[in-house]
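A.B. asks: This is work_12.tsv (TSV, C-alpha atoms).
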chain	number	residue	atom	x	y	z
O	7	SER	CA	130.04	118.34	111.29
O	8	SER	CA	133.32	118.06	109.45
O	9	GLY	CA	131.63	118.04	106.08
O	10	ILE	CA	132.66	114.50	105.20
O	11	ASN	CA	130.31	111.59	105.28
O	12	ALA	CA	130.80	109.67	108.53
O	13	GLU	CA	132.27	106.58	106.89
O	14	TRP	CA	134.84	108.42	104.83
O	15	PRO	CA	137.62	108.88	107.43
O	16	LEU	CA	137.32	105.25	108.49
O	17	ARG	CA	137.88	104.08	104.93
O	18	PRO	CA	139.58	106.91	103.13
O	19	GLY	CA	140.72	104.52	100.43
O	20	GLU	CA	137.19	103.95	99.12
O	21	PRO	CA	135.78	107.14	97.66
O	22	SER	CA	132.46	107.08	95.87
O	23	GLU	CA	130.69	109.55	93.63
O	24	ALA	CA	127.93	110.05	96.20
O	25	ILE	CA	130.50	110.94	98.85
O	26	LEU	CA	132.37	113.22	96.46
O	27	GLU	CA	129.22	115.24	95.86
O	28	LYS	CA	128.84	115.89	99.60
O	29	ILE	CA	132.38	116.97	100.41
O	30	THR	CA	132.77	120.52	101.63
O	31	LYS	CA	136.33	120.33	102.99
O	32	PRO	CA	138.69	118.59	100.57
O	33	GLU	CA	141.60	119.10	102.98
O	34	SER	CA	139.94	116.86	105.58
O	35	VAL	CA	139.94	114.06	103.00
O	36	ALA	CA	143.67	114.58	102.48
O	37	GLU	CA	144.20	114.35	106.24
O	38	ALA	CA	142.21	111.13	106.39
O	39	VAL	CA	144.36	109.57	103.63
O	40	GLY	CA	147.63	110.78	105.15
O	41	CYS	CA	151.06	110.97	103.56
O	42	SER	CA	153.05	108.28	105.31
O	43	ASP	CA	152.86	105.80	102.42
O	44	PRO	CA	153.37	107.22	98.90
O	45	GLY	CA	151.89	104.03	97.41
O	46	ASN	CA	148.74	104.59	99.40
O	47	VAL	CA	148.54	108.22	98.30
O	48	ALA	CA	148.85	107.29	94.60
O	49	SER	CA	146.41	104.44	94.96
O	50	PHE	CA	143.87	106.81	96.54
O	51	VAL	CA	144.25	109.21	93.59
O	52	GLY	CA	143.68	106.21	91.29
O	53	LYS	CA	140.50	105.23	93.11
O	54	LEU	CA	139.35	108.83	93.01
O	55	SER	CA	139.83	108.76	89.23
O	56	GLN	CA	137.44	105.79	89.03
O	57	VAL	CA	134.56	107.56	90.76
O	58	MET	CA	134.90	111.19	89.69
O	59	SER	CA	132.48	112.63	87.13
O	60	ASN	CA	132.10	115.99	85.40
O	61	LYS	CA	130.02	117.10	88.36
O	62	THR	CA	132.75	116.26	90.87
O	63	THR	CA	135.83	117.25	88.84
O	64	ASN	CA	136.30	120.43	90.84
O	65	THR	CA	136.09	118.66	94.18
O	66	SER	CA	138.43	115.93	92.91
O	67	HIS	CA	140.98	118.57	91.87
O	68	GLN	CA	140.78	120.17	95.31
O	69	ILE	CA	141.27	116.82	97.04
O	70	VAL	CA	144.24	115.97	94.83
O	71	ASP	CA	145.76	119.43	95.38
O	72	SER	CA	145.34	119.20	99.11
O	73	LEU	CA	146.70	115.66	99.28
O	74	LEU	CA	149.63	116.01	96.89
O	75	SER	CA	150.73	119.40	98.19
O	76	SER	CA	151.07	117.95	101.72
O	77	CYS	CA	152.61	114.71	100.53
O	78	PHE	CA	155.19	116.23	98.20
O	79	ALA	CA	156.22	118.44	101.12
O	80	GLN	CA	156.61	115.43	103.44
O	81	ASN	CA	158.08	112.76	101.15
O	82	SER	CA	160.88	112.33	98.69
O	83	PRO	CA	159.27	113.60	95.48
O	84	SER	CA	160.78	110.75	93.47
O	85	MET	CA	158.99	108.06	95.52
O	86	LEU	CA	155.61	109.73	95.15
O	87	THR	CA	156.24	110.47	91.46
O	88	ASN	CA	157.10	106.81	90.90
O	89	GLU	CA	153.92	105.62	92.61
O	90	LEU	CA	151.82	108.08	90.60
O	91	LEU	CA	153.37	106.75	87.37
O	92	VAL	CA	152.51	103.19	88.45
O	93	THR	CA	148.90	104.21	89.20
O	94	MET	CA	148.69	105.99	85.85
O	95	GLY	CA	149.72	102.69	84.27
O	96	LEU	CA	152.80	104.27	82.70
O	97	ILE	CA	155.37	102.12	84.51
O	98	LYS	CA	155.16	98.66	85.99
O	99	SER	CA	155.01	98.15	89.72
O	100	GLU	CA	157.77	96.24	91.50
O	101	LYS	CA	155.01	94.14	93.03
O	102	LYS	CA	154.34	91.19	90.78
O	103	ASN	CA	150.85	90.99	89.24
O	104	PHE	CA	149.99	94.44	90.55
O	105	LYS	CA	147.18	96.05	88.52
O	106	PRO	CA	146.65	99.71	89.27
O	107	GLU	CA	143.09	100.67	90.11
O	108	SER	CA	142.48	103.78	88.09
O	109	ASP	CA	140.51	105.16	85.19
O	110	VAL	CA	143.13	105.95	82.54
O	111	GLU	CA	141.44	109.08	81.24
O	112	ASN	CA	140.39	110.55	84.58
O	113	MET	CA	143.77	109.75	86.12
O	114	LEU	CA	145.42	111.60	83.24
O	115	ARG	CA	142.99	114.50	83.75
O	116	LEU	CA	143.79	114.67	87.48
O	117	MET	CA	147.52	114.59	86.80
O	118	ALA	CA	147.21	117.13	83.96
O	119	HIS	CA	145.66	119.44	86.55
O	120	ALA	CA	148.19	118.62	89.29
O	121	VAL	CA	151.41	119.06	87.29
O	122	GLY	CA	150.46	122.67	86.57
O	123	GLN	CA	150.08	123.61	90.25
O	124	GLU	CA	152.68	125.48	92.29
O	125	TYR	CA	153.11	122.67	94.82
O	126	PHE	CA	154.04	120.12	92.16
O	127	PRO	CA	157.84	119.76	91.95
O	128	PRO	CA	158.97	120.81	88.45
O	129	SER	CA	161.31	117.81	88.26
O	130	SER	CA	158.39	115.45	88.97
O	131	ALA	CA	156.18	117.23	86.45
O	132	LYS	CA	158.91	116.77	83.81
O	133	ILE	CA	159.24	113.06	84.57
O	134	ILE	CA	155.48	112.46	84.40
O	135	SER	CA	155.24	114.48	81.18
O	136	ALA	CA	158.06	112.45	79.64
O	137	PHE	CA	156.24	109.18	80.39
O	138	VAL	CA	152.94	110.54	79.09
O	139	LYS	CA	154.74	111.61	75.92
O	140	LYS	CA	156.34	108.18	75.51
O	141	ASP	CA	152.89	106.55	75.71
O	142	LYS	CA	151.11	109.26	73.76
O	143	GLU	CA	149.88	106.93	71.01
O	144	VAL	CA	148.55	104.31	73.40
O	145	LEU	CA	146.85	106.99	75.47
O	146	THR	CA	145.41	108.68	72.37
O	147	ASN	CA	143.71	105.39	71.47
O	148	LYS	CA	142.19	105.10	74.94
O	149	ILE	CA	141.08	108.71	75.35
O	150	SER	CA	138.62	110.46	73.09
O	151	ASP	CA	139.54	114.09	73.54
O	152	CYS	CA	143.15	114.35	74.56
O	153	ALA	CA	144.69	117.32	72.73
O	154	ASP	CA	144.06	119.68	75.67
O	155	LEU	CA	145.27	117.07	78.11
O	156	PHE	CA	148.58	116.73	76.33
O	157	LYS	CA	148.94	120.53	76.33
O	158	SER	CA	148.83	120.44	80.14
O	159	PHE	CA	151.86	118.17	80.04
O	160	GLN	CA	153.48	120.59	77.57
O	161	ILE	CA	153.62	117.89	74.92
Mind turning this structure into structure tokens?

C.D. replies:
Amino acid sequence: SSGINAEWPLRPGEPSEAILEKITKPESVAEAVGCSDPGNVASFVGKLSQVMSNKTTNTSHQIVDSLLSSCFAQNSPSMLTNELLVTMGLIKSEKKNFKPESDVENMLRLMAHAVGQEYFPPSSAKIISAFVKKDKEVLTNKISDCADLFKSFQI
């Protein structure tokens, strides 16, 4: 068995907490999502942020690391960075009436983890940090305990 619940690869875009708790190979999730569409990649990370819990934070980090490390290697970093900013709710999408599906706090936590990893392009990390900094007050009102989070973005 590949360690993923049977339905996951068919619908990689719909993670759930129950599935997250069963995952043994985060890289197989990344393969199921694929890197061909940066918007899809970012939207998956957003959906992951909606279902992750303290119990599945580690698994979520591993999935994000596996996914973003492949996708940054295969895509123009600026496209993926842009889509991640849209999913984080920090910039508006070019698609009219697009509402990102993500949990603001968890998405910020996932990105706070990701920007510190070796695979994350420093230029992209700087851009994301700059947008987080610009919206620091808004984010502070939405997130209870954010001092450590902001440290990850070197703010």

A.B. asks: Write out as a ChimeraX atom specification each polymer residue whose atoms come within 12 Å of region 126-132 of chain O, counting all atoms listed in the file; drop sequence neighbours fewer than 5 positions from it.

C.D. replies: /O:70-79,81-91,117-121,137-139,158-161

A.B. asks: For a quick check of understanding, using all atoms listed in the file, which of O:Leu145, O:Gln123, O:Val92, O:Ser42 has the smallest distance to Phe104 (chain O)?

C.D. replies: O:Val92

A.B. asks: Show me the residues around (136.3, 110.2, 87.1) - criterion: an atom at most 12 Å away, all atoms listed in the file counted - as number ranges by chain.

C.D. replies: O: 21-23, 26, 51-67, 108-116

A.B. asks: Given the choices O:Asn147, O:Ala153, O:Met94, O:Ile69, which gets closest to Ser34 (chain O) if the distance is worked out from all atoms listed in the file?

C.D. replies: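 Among O:Asn147, O:Ala153, O:Met94, O:Ile69, it is O:Ile69 that comes nearest to Ser34 (chain O).
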
A.B. asks: Calculate how many Å separate CA of Val39 (chain O) from CA of Ile134 (chain O), rounding to one decimal.

C.D. replies: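 These atoms are spaced 22.4 Å apart.
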
A.B. asks: Kindly give the distance, in Å, that separates CA of Ser49 (chain O) and CA of Ser99 (chain O), rounded to a single decimal.

C.D. replies: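 Distance reported for this atom pair: 11.9 Å.
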
A.B. asks: What gap, in Å, lies between CA of Lys98 (chain O) and CA of Asp151 (chain O)?

C.D. replies: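 Computing it gives 25.2 Å between the two atoms.
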
A.B. asks: Could you check which of O:Glu124, O:Ile25, O:Glu143, O:Gly95 is closest to Glu107 (chain O), using only C-alpha atoms?

C.D. replies: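 Selected residue with least distance to Glu107 (chain O): O:Gly95.
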